[in-house]
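Note sheet for the following structure.
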Amino acid sequence: MKSIKRITTLFASSEIYPFAKSGGLADVAYSLPRALSSLIDITVVMPLYRFIDREKFSIKPLGIEWEINLSGTLHHTELFGCRYDGIEYLFVYSALLSERDYLYGPPNQGYTDNALRFGLFSYAIADLAERYRFDLLHLNDWQTALSALLVRENPGLHTKTVYTIHNLAYQGVFDHRMLLALGLSNDYFTMDALEYYGNISLMKAGIAYADMITTVSPQYAKEILTKKYGNGLDGFLRLHRKKIVGILNGIDSKHFSPENDTALLMSYESETLRDKSINKKGYLEEAGLKGAGKPLFIFIGRLTAQKGVDILIGSLQKIATMPINISIRGEGEKEYRDRLHLLASKHTNISFSYGYDEAMSHRMYAAADFLLMPSLFEPCGLNQMIAMRYGTMPIVRETGGLKDSVYPIDDFDNERNIGYGITFTEEDSFALSGAVENAFERFSHKRSFLAVLRHNMHVDFSWKQRVKQYVDLYSAVLGEERIETKSLEKRDHE
Ligand code: ADP
């Protein structure tokens, strides 16, 4: 019998929960490697930002130090490590990359030297691939994309690369002079390499040089090939379309679990869904809202155009006249922040709190009846899956991963392992208001409403199914047969 070789993979990300998080990437970079670790040998690497609590996570120096040469300037770099939740983490420390208060910059601003910071990180990743001879490098977003080029251009290195696009809107676009500052020759300043409308796009390094590209939902994989969703890269992506695969993200079903979530006032499961109302009462008090009998609509997310905040704000005036409560939590652009504060001060049934608070978001998912997600585009979106786990019905615009994970409630079929919610297509406040009215109507039909919530709570949004697709992909990239198929099947029955 052919012996089973475990693939050795280095998974690289600029943010990983719980060390540093700005959005869904951190959740995925935490939960996907964990899910993969029962099938392959996986090590995870991220920058050691100075705000990461080294003591709390027992992050220790590994005694490996080297210089990274960026265009003649040597950057002293050190490797740190820890084991957390069964996973080996490596941390790259270099003053340029690490000595900052924020990951990418203060709110709404990127540090001006981010090209160098994450260029440095990408060099470090490629060095680690060489030092430890990993079979495969799994890179995520523009901050690690340059490693694909560096690995490909290293003739002595046989490491293969998979590059995941979590959001095409963030491409790492910088002045073309950065190319030389990154120690790369002008030969890369071409349309089929890094040139991007007179600048350079680090995202393009991942697309051009990785062996395979994944993105975080099948629908988004199709959308990014179109002008509307392609962020100026649709033509380039069409050129590389044979390398692109869409794999829907999963969520960590232990971290997002109403049965034993310590952030909640009262845990519950689908059989005891009524206990959700205890969380609702508690949260209404916390948010200064009244009327536990009224449906509670929540919005949680970055305050940015992508998330449909204009659509949300445009509809609030109207939907606030309905007998409902609306609670909004987010962090992001000042203009949105000011407008939401103003609306909340005018309407007693709207609450708005600014900032990032993981525990509070869990309490909101547990308290709410509906989650609003009017995104203009959504590569995958995790909120809708988390909401369904917590028995909260998502109201989503049919785009990207929202379309792949929330099916129209009119087609409800209790036998199917898919989630249901209220969906709409138009990008306007009118469509969202209509969806809220529809939700209000559904809410009044308690029995059928609860049946859908209970169904959604049992849908498998975990990584279990998805990791098979990743391992198949890794195996294909490495040119080996489905090395792990047998053990995958076995594990499924465990
Ligand atoms: P993004 O585009 O921001 O990555 P995702 O839907 O993929 O969006 O992931 C968002 C994650 O961040 C979810 O876990 C969501 O609950 C969480 N989140 C977003 N904003 C906040 C906030 N202000 N406070 C707490 N959690 C938040």
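Here's how to read the names in the structure tokens: chain A, B, ... by the order shown, residue numbers from 1 in each chain, ligand numbers from 1 in the order shown.
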
_as a PyMOL selection string, please: every protein or nucleic acid residue near ligand 1 (cut-off 10 Å, counting only C-alpha atoms and all ligand atoms)._
chain A and resi 17+21-28+166-167+216+249+251+256+299-304+306-307+328-332+353-362+364-365+373+375+377-387+401-402

Strand (DSSP E) per DSSP on the backbone: members of segment 299-485 of chain A, as a tab-separated table (two decimals) with all heavy atoms, in the first residue's frame:
chain	number	residue	atom	x	y	z
A	299	PHE	N	-26.68	45.19	13.65
A	299	PHE	CA	-25.66	45.30	12.60
A	299	PHE	C	-24.32	45.28	13.33
A	299	PHE	O	-24.12	46.04	14.29
A	299	PHE	CB	-25.81	46.61	11.82
A	299	PHE	CG	-24.68	46.86	10.85
A	299	PHE	CD1	-24.80	46.51	9.50
A	299	PHE	CD2	-23.49	47.45	11.27
A	299	PHE	CE1	-23.74	46.72	8.62
A	299	PHE	CE2	-22.43	47.66	10.39
A	299	PHE	CZ	-22.56	47.30	9.06
A	300	ILE	N	-23.42	44.41	12.91
A	300	ILE	CA	-22.06	44.37	13.50
A	300	ILE	C	-21.07	44.38	12.35
A	300	ILE	O	-21.17	43.53	11.46
A	300	ILE	CB	-21.84	43.07	14.32
A	300	ILE	CG1	-22.84	42.97	15.46
A	300	ILE	CG2	-20.41	43.01	14.86
A	300	ILE	CD1	-22.80	41.64	16.20
A	301	GLY	N	-20.15	45.32	12.34
A	301	GLY	CA	-19.17	45.26	11.27
A	301	GLY	C	-18.37	46.51	11.12
A	301	GLY	O	-18.58	47.51	11.82
A	302	ARG	N	-17.42	46.45	10.19
A	302	ARG	CA	-16.60	47.61	9.90
A	302	ARG	C	-17.48	48.69	9.27
A	302	ARG	O	-18.31	48.39	8.40
A	302	ARG	CB	-15.47	47.23	8.94
A	302	ARG	CG	-14.40	46.39	9.59
A	302	ARG	CD	-13.27	46.04	8.63
A	302	ARG	NE	-13.71	45.14	7.56
A	302	ARG	CZ	-13.73	45.44	6.28
A	302	ARG	NH1	-13.34	46.63	5.88
A	302	ARG	NH2	-14.13	44.57	5.38
A	303	LEU	N	-17.32	49.93	9.72
A	303	LEU	CA	-18.11	51.03	9.16
A	303	LEU	C	-17.41	51.53	7.90
A	303	LEU	O	-16.59	52.45	7.93
A	303	LEU	CB	-18.27	52.15	10.18
A	303	LEU	CG	-18.92	51.74	11.50
A	303	LEU	CD1	-19.01	52.91	12.45
A	303	LEU	CD2	-20.30	51.13	11.25
A	325	ASN	N	-36.58	47.35	17.50
A	325	ASN	CA	-35.35	47.94	18.03
A	325	ASN	C	-34.19	47.63	17.08
A	325	ASN	O	-34.16	46.55	16.46
A	325	ASN	CB	-35.02	47.36	19.41
A	325	ASN	CG	-35.83	48.02	20.51
A	325	ASN	OD1	-35.87	49.25	20.59
A	325	ASN	ND2	-36.48	47.21	21.35
A	326	ILE	N	-33.27	48.59	17.00
A	326	ILE	CA	-32.11	48.41	16.12
A	326	ILE	C	-30.85	48.75	16.92
A	326	ILE	O	-30.78	49.81	17.54
A	326	ILE	CB	-32.19	49.36	14.91
A	326	ILE	CG1	-33.53	49.20	14.18
A	326	ILE	CG2	-31.03	49.12	13.94
A	326	ILE	CD1	-34.04	50.48	13.59
A	327	SER	N	-29.88	47.83	16.90
A	327	SER	CA	-28.66	48.09	17.64
A	327	SER	C	-27.45	47.89	16.71
A	327	SER	O	-27.33	46.85	16.06
A	327	SER	CB	-28.57	47.14	18.84
A	327	SER	OG	-27.44	47.48	19.59
A	328	ILE	N	-26.60	48.89	16.67
A	328	ILE	CA	-25.49	48.89	15.73
A	328	ILE	C	-24.16	48.97	16.48
A	328	ILE	O	-24.01	49.78	17.39
A	328	ILE	CB	-25.62	50.09	14.76
A	328	ILE	CG1	-26.94	49.97	13.98
A	328	ILE	CG2	-24.42	50.19	13.82
A	328	ILE	CD1	-27.37	51.24	13.31
A	329	ARG	N	-23.23	48.11	16.07
A	329	ARG	CA	-21.89	48.13	16.68
A	329	ARG	C	-20.87	48.12	15.55
A	329	ARG	O	-20.96	47.29	14.65
A	329	ARG	CB	-21.71	46.87	17.54
A	329	ARG	CG	-20.32	46.71	18.09
A	329	ARG	CD	-20.22	47.34	19.44
A	329	ARG	NE	-18.84	47.52	19.84
A	329	ARG	CZ	-18.47	48.25	20.88
A	329	ARG	NH1	-19.37	48.86	21.62
A	329	ARG	NH2	-17.22	48.37	21.18
A	330	GLY	N	-19.94	49.03	15.59
A	330	GLY	CA	-18.96	49.03	14.51
A	330	GLY	C	-17.83	49.98	14.76
A	330	GLY	O	-17.86	50.81	15.67
A	331	GLU	N	-16.84	49.83	13.92
A	331	GLU	CA	-15.65	50.66	14.01
A	331	GLU	C	-15.26	51.01	12.58
A	331	GLU	O	-15.38	50.17	11.70
A	331	GLU	CB	-14.52	49.85	14.65
A	331	GLU	CG	-13.33	50.67	15.06
A	331	GLU	CD	-12.33	49.81	15.84
A	331	GLU	OE1	-11.94	48.73	15.34
A	331	GLU	OE2	-11.95	50.22	16.93
A	332	GLY	N	-14.85	52.25	12.35
A	332	GLY	CA	-14.44	52.59	10.98
A	332	GLY	C	-14.52	54.06	10.70
A	332	GLY	O	-14.13	54.88	11.54
A	350	ILE	N	-33.08	53.24	18.38
A	350	ILE	CA	-31.79	52.91	17.73
A	350	ILE	C	-30.67	53.10	18.75
A	350	ILE	O	-30.59	54.14	19.40
A	350	ILE	CB	-31.49	53.84	16.53
A	350	ILE	CG1	-32.60	53.76	15.47
A	350	ILE	CG2	-30.14	53.50	15.91
A	350	ILE	CD1	-32.36	54.67	14.26
A	351	SER	N	-29.81	52.08	18.89
A	351	SER	CA	-28.62	52.28	19.72
A	351	SER	C	-27.39	52.10	18.85
A	351	SER	O	-27.40	51.29	17.92
A	351	SER	CB	-28.59	51.31	20.90
A	351	SER	OG	-28.04	50.08	20.50
A	352	PHE	N	-26.38	52.87	19.12
A	352	PHE	CA	-25.14	52.76	18.35
A	352	PHE	C	-23.96	52.82	19.30
A	352	PHE	O	-23.88	53.70	20.16
A	352	PHE	CB	-25.04	53.89	17.33
A	352	PHE	CG	-23.67	53.99	16.69
A	352	PHE	CD1	-23.13	52.90	16.02
A	352	PHE	CD2	-22.92	55.16	16.76
A	352	PHE	CE1	-21.86	52.98	15.43
A	352	PHE	CE2	-21.65	55.24	16.19
A	352	PHE	CZ	-21.13	54.15	15.52
A	353	SER	N	-23.05	51.87	19.21
A	353	SER	CA	-21.83	51.97	20.00
A	353	SER	C	-20.65	51.75	19.09
A	353	SER	O	-20.67	50.89	18.19
A	353	SER	CB	-21.82	51.00	21.17
A	353	SER	OG	-21.92	49.70	20.70
A	354	TYR	N	-19.65	52.58	19.30
A	354	TYR	CA	-18.49	52.57	18.42
A	354	TYR	C	-17.35	51.76	19.04
A	354	TYR	O	-17.13	51.82	20.25
A	354	TYR	CB	-18.00	54.01	18.19
A	354	TYR	CG	-16.88	54.08	17.18
A	354	TYR	CD1	-17.15	54.10	15.82
A	354	TYR	CD2	-15.56	54.11	17.61
A	354	TYR	CE1	-16.12	54.15	14.89
A	354	TYR	CE2	-14.52	54.15	16.67
A	354	TYR	CZ	-14.81	54.17	15.33
A	354	TYR	OH	-13.79	54.21	14.41
A	370	PHE	N	-32.80	39.43	14.34
A	370	PHE	CA	-32.34	39.55	12.95
A	370	PHE	C	-30.98	40.24	12.89
A	370	PHE	O	-30.70	41.14	13.67
A	370	PHE	CB	-33.33	40.39	12.12
A	370	PHE	CG	-34.70	39.78	12.01
A	370	PHE	CD1	-35.72	40.20	12.87
A	370	PHE	CD2	-34.97	38.81	11.07
A	370	PHE	CE1	-36.98	39.64	12.79
A	370	PHE	CE2	-36.23	38.25	10.97
A	370	PHE	CZ	-37.24	38.66	11.84
A	371	LEU	N	-30.17	39.81	11.91
A	371	LEU	CA	-28.89	40.47	11.63
A	371	LEU	C	-28.99	41.15	10.27
A	371	LEU	O	-29.41	40.53	9.29
A	371	LEU	CB	-27.77	39.42	11.56
A	371	LEU	CG	-26.43	39.96	11.06
A	371	LEU	CD1	-25.63	40.58	12.20
A	371	LEU	CD2	-25.61	38.86	10.38
A	372	LEU	N	-28.62	42.43	10.22
A	372	LEU	CA	-28.66	43.15	8.94
A	372	LEU	C	-27.30	43.10	8.26
A	372	LEU	O	-26.28	43.44	8.87
A	372	LEU	CB	-29.04	44.62	9.18
A	372	LEU	CG	-30.40	44.86	9.85
A	372	LEU	CD1	-30.54	46.33	10.24
A	372	LEU	CD2	-31.52	44.45	8.93
A	373	MET	N	-27.28	42.69	7.01
A	373	MET	CA	-26.01	42.65	6.24
A	373	MET	C	-26.27	43.10	4.80
A	373	MET	O	-26.33	42.28	3.88
A	373	MET	CB	-25.44	41.23	6.27
A	373	MET	CG	-24.24	41.12	7.20
A	373	MET	SD	-23.50	39.52	7.12
A	373	MET	CE	-21.82	39.91	6.67
A	393	MET	N	-31.84	35.42	12.66
A	393	MET	CA	-32.04	35.28	11.21
A	393	MET	C	-31.31	36.38	10.43
A	393	MET	O	-31.49	37.56	10.69
A	393	MET	CB	-33.53	35.34	10.88
A	393	MET	CG	-33.80	35.05	9.42
A	393	MET	SD	-35.55	35.00	9.06
A	393	MET	CE	-35.98	33.41	9.75
A	394	PRO	N	-30.47	35.96	9.45
A	394	PRO	CA	-29.77	36.98	8.66
A	394	PRO	C	-30.66	37.60	7.59
A	394	PRO	O	-31.50	36.92	6.99
A	394	PRO	CB	-28.63	36.19	8.02
A	394	PRO	CG	-29.06	34.78	8.02
A	394	PRO	CD	-30.07	34.59	9.10
A	395	ILE	N	-30.46	38.90	7.39
A	395	ILE	CA	-31.11	39.62	6.29
A	395	ILE	C	-29.96	40.11	5.43
A	395	ILE	O	-29.17	40.97	5.86
A	395	ILE	CB	-31.92	40.82	6.82
A	395	ILE	CG1	-33.02	40.33	7.76
A	395	ILE	CG2	-32.50	41.63	5.67
A	395	ILE	CD1	-33.87	41.43	8.36
A	396	VAL	N	-29.80	39.54	4.23
A	396	VAL	CA	-28.57	39.80	3.47
A	396	VAL	C	-28.85	40.22	2.05
A	396	VAL	O	-29.87	39.87	1.45
A	396	VAL	CB	-27.67	38.53	3.42
A	396	VAL	CG1	-27.33	38.04	4.82
A	396	VAL	CG2	-28.31	37.42	2.60
A	397	ARG	N	-27.91	41.00	1.51
A	397	ARG	CA	-27.93	41.26	0.08
A	397	ARG	C	-27.28	40.08	-0.60
A	397	ARG	O	-26.28	39.54	-0.12
A	397	ARG	CB	-27.15	42.54	-0.25
A	397	ARG	CG	-27.71	43.20	-1.45
A	397	ARG	CD	-26.93	44.37	-1.95
A	397	ARG	NE	-26.84	44.11	-3.37
A	397	ARG	CZ	-25.74	43.88	-4.04
A	397	ARG	NH1	-24.59	43.98	-3.45
A	397	ARG	NH2	-25.79	43.60	-5.30
A	406	VAL	N	-26.66	31.95	2.64
A	406	VAL	CA	-28.02	32.26	3.12
A	406	VAL	C	-28.99	32.09	1.95
A	406	VAL	O	-28.91	32.81	0.96
A	406	VAL	CB	-28.12	33.71	3.65
A	406	VAL	CG1	-29.52	33.97	4.19
A	406	VAL	CG2	-27.08	33.97	4.73
A	407	TYR	N	-29.88	31.12	2.08
A	407	TYR	CA	-30.83	30.83	1.00
A	407	TYR	C	-32.17	31.49	1.32
A	407	TYR	O	-32.54	31.63	2.50
A	407	TYR	CB	-30.97	29.32	0.81
A	407	TYR	CG	-29.72	28.74	0.18
A	407	TYR	CD1	-28.57	28.52	0.95
A	407	TYR	CD2	-29.66	28.47	-1.18
A	407	TYR	CE1	-27.40	28.04	0.37
A	407	TYR	CE2	-28.50	27.99	-1.77
A	407	TYR	CZ	-27.37	27.77	-0.99
A	407	TYR	OH	-26.22	27.30	-1.58
A	408	PRO	N	-32.91	31.90	0.28
A	408	PRO	CA	-34.17	32.62	0.53
A	408	PRO	C	-35.16	31.79	1.35
A	408	PRO	O	-35.38	30.62	1.05
A	408	PRO	CB	-34.72	32.88	-0.87
A	408	PRO	CG	-33.56	32.72	-1.78
A	408	PRO	CD	-32.61	31.76	-1.13
A	419	GLY	N	-28.49	27.13	5.33
A	419	GLY	CA	-29.14	28.13	6.17
A	419	GLY	C	-30.10	29.00	5.37
A	419	GLY	O	-29.92	29.20	4.17
A	420	TYR	N	-31.12	29.50	6.08
A	420	TYR	CA	-32.13	30.33	5.41
A	420	TYR	C	-32.25	31.68	6.09
A	420	TYR	O	-32.09	31.82	7.30
A	420	TYR	CB	-33.49	29.63	5.42
A	420	TYR	CG	-33.53	28.38	4.58
A	420	TYR	CD1	-33.25	27.13	5.16
A	420	TYR	CD2	-33.82	28.45	3.22
A	420	TYR	CE1	-33.26	25.98	4.38
A	420	TYR	CE2	-33.83	27.29	2.45
A	420	TYR	CZ	-33.55	26.06	3.03
A	420	TYR	OH	-33.56	24.93	2.26
A	421	GLY	N	-32.58	32.68	5.26
A	421	GLY	CA	-32.81	34.02	5.79
A	421	GLY	C	-33.58	34.84	4.78
A	421	GLY	O	-34.11	34.31	3.80
A	422	ILE	N	-33.60	36.14	5.04
A	422	ILE	CA	-34.30	37.04	4.13
A	422	ILE	C	-33.26	37.67	3.21
A	422	ILE	O	-32.25	38.19	3.69
A	422	ILE	CB	-35.09	38.08	4.93
A	422	ILE	CG1	-36.21	37.32	5.67
A	422	ILE	CG2	-35.65	39.18	4.04
A	422	ILE	CD1	-36.91	38.10	6.71
A	423	THR	N	-33.48	37.55	1.92
A	423	THR	CA	-32.47	38.03	0.98
A	423	THR	C	-33.06	39.07	0.04
A	423	THR	O	-34.27	39.07	-0.21
A	423	THR	CB	-31.88	36.87	0.14
A	423	THR	OG1	-32.87	36.42	-0.77
A	423	THR	CG2	-31.45	35.70	1.03
A	424	PHE	N	-32.21	39.95	-0.45
A	424	PHE	CA	-32.64	40.92	-1.46
A	424	PHE	C	-31.47	41.20	-2.39
A	424	PHE	O	-30.32	40.89	-2.05
A	424	PHE	CB	-33.18	42.21	-0.81
A	424	PHE	CG	-32.17	42.95	0.03
A	424	PHE	CD1	-31.45	44.02	-0.51
A	424	PHE	CD2	-31.91	42.59	1.34
A	424	PHE	CE1	-30.51	44.72	0.25
A	424	PHE	CE2	-30.97	43.27	2.11
A	424	PHE	CZ	-30.28	44.34	1.57

*asked:* Please list as a PyMOL selection string every residue within 9 Å of Gly288 of chain A, counting only C-alpha atoms and excluding residues in the same chain fewer than 5 positions away.
replied: chain A and resi 283+348-349+351

Print the selection's residues with N, CA, C and O atoms to a file, as a PDB file, in the first residue's frame.
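Full text of again-v2.pdb as output:
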ATOM      1  N   TYR A 283     -29.316  42.324  27.073  1.00  0.00           N
ATOM      2  CA  TYR A 283     -28.632  43.190  26.118  1.00  0.00           C
ATOM      3  C   TYR A 283     -29.406  44.490  25.887  1.00  0.00           C
ATOM      4  O   TYR A 283     -28.788  45.572  25.770  1.00  0.00           O
ATOM      5  N   THR A 348     -35.285  56.778  19.840  1.00  0.00           N
ATOM      6  CA  THR A 348     -35.069  56.017  21.077  1.00  0.00           C
ATOM      7  C   THR A 348     -34.924  54.519  20.813  1.00  0.00           C
ATOM      8  O   THR A 348     -34.446  53.778  21.667  1.00  0.00           O
ATOM      9  N   ASN A 349     -35.349  54.072  19.632  1.00  0.00           N
ATOM     10  CA  ASN A 349     -35.233  52.633  19.351  1.00  0.00           C
ATOM     11  C   ASN A 349     -34.000  52.277  18.511  1.00  0.00           C
ATOM     12  O   ASN A 349     -33.900  51.181  17.978  1.00  0.00           O
ATOM     13  N   SER A 351     -29.812  52.085  18.888  1.00  0.00           N
ATOM     14  CA  SER A 351     -28.621  52.285  19.725  1.00  0.00           C
ATOM     15  C   SER A 351     -27.395  52.096  18.848  1.00  0.00           C
ATOM     16  O   SER A 351     -27.400  51.285  17.918  1.00  0.00           O
TER      17      SER A 351
END

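Nearest-residue note for Ser253 of chain A: choosing from A:Lys56, A:Ala476, A:Met388, A:Thr77, the minimum distance belongs to A:Met388, counting only C-alpha atoms.
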
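For Leu97 of chain A, the list of residues within 12 Å, based on only C-alpha atoms and with local chain neighbours fewer than 6 positions off taken out, reads Ser14, Met46, Pro47, Leu48, Tyr49, Arg50, Ile68, His75, His76, Thr77, Glu78, Phe91, Leu103, Tyr104, Gly105, Tyr111, Asp113, Asn114, Ala115, Leu116, Arg117, Phe118, Gly119, Leu120, Phe121, Ser122, Tyr123, Ala124 and Gln143 of chain A.
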
*Name all residues at most 12 Å from Val45 of chain A (count only C-alpha atoms; drop same-chain ones fewer than 4 positions away) and give them as a ChimeraX atom specification.*
/A:9-16,19,29-30,33,79-83,87-93,121-122,124-126,128-129,137-140,144

*Near Met322 of chain A, within 10 Å and counting only C-alpha atoms, which residues show up once chain neighbours fewer than 4 positions away are dropped, as a ChimeraX atom specification?*
/A:294,317-318,349,436-437,440

Selected residues written out with C-alpha atoms, as an mmCIF file, in the first residue's frame:
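What landed in selection-v5.cif:
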data_model
loop_
_atom_site.group_PDB
_atom_site.id
_atom_site.type_symbol
_atom_site.label_atom_id
_atom_site.label_comp_id
_atom_site.auth_asym_id
_atom_site.auth_seq_id
_atom_site.Cartn_x
_atom_site.Cartn_y
_atom_site.Cartn_z
ATOM 1 C CA LYS A 294 -40.330 43.837 19.719
ATOM 2 C CA GLN A 317 -35.097 56.933 9.261
ATOM 3 C CA LYS A 318 -37.905 54.819 7.823
ATOM 4 C CA ASN A 349 -35.233 52.633 19.351
ATOM 5 C CA VAL A 436 -37.109 44.577 7.257
ATOM 6 C CA GLU A 437 -40.881 44.814 6.716
ATOM 7 C CA PHE A 440 -41.350 41.972 10.824
#

*Taking into account only C-alpha atoms, which residue in the set A:Ile40, A:Leu149, A:Ile64, A:Met457 is nearest to Asn414 of chain A?*
A:Met457

*Out of A:Ala431, A:Glu285, A:Tyr188, A:Met203, which residue has the shortest atom-to-atom distance to Glu153 of chain A when counting only C-alpha atoms?*
A:Tyr188

*asked:* When you count only C-alpha atoms, which of these residues is closest to Asp261 of chain A: A:Ala366, A:Ala287, A:Leu225, A:Leu340?
replied: A:Ala366

*Quick one, how far is atom CA of Tyr102 of chain A from atom CA of Leu32 of chain A?*
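Calculated distance between atom CA of Tyr102 of chain A and atom CA of Leu32 of chain A is 24.0 Å.
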
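The coordinates place atom CA of Ile418 of chain A at 26.4 Å from atom CA of Met266 of chain A.
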
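For the pair atom CA of Asp404 of chain A and atom CA of Ser217 of chain A, the interatomic distance is 7.0 Å.
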
*DSSP-assigned alpha helix (DSSP H) members of segment 241-465 of chain A, reported as a PyMOL selection string*: chain A and resi 276-287+309-319+334-346+358-367+383-389+400-405+429-444+446-458+464-465

*asked:* Quick one: residues within 9 Å of Val467 of chain A, only C-alpha atoms, excluding same-chain residues fewer than 6 positions away - as a PyMOL selection string?
replied: chain A and resi 32+35-36+39

_Please determine, counting only C-alpha atoms, which residue among A:Gly172, A:Leu265, A:Phe236, A:Lys243 has the shortest atom-to-atom distance to Thr190 of chain A._
A:Phe236
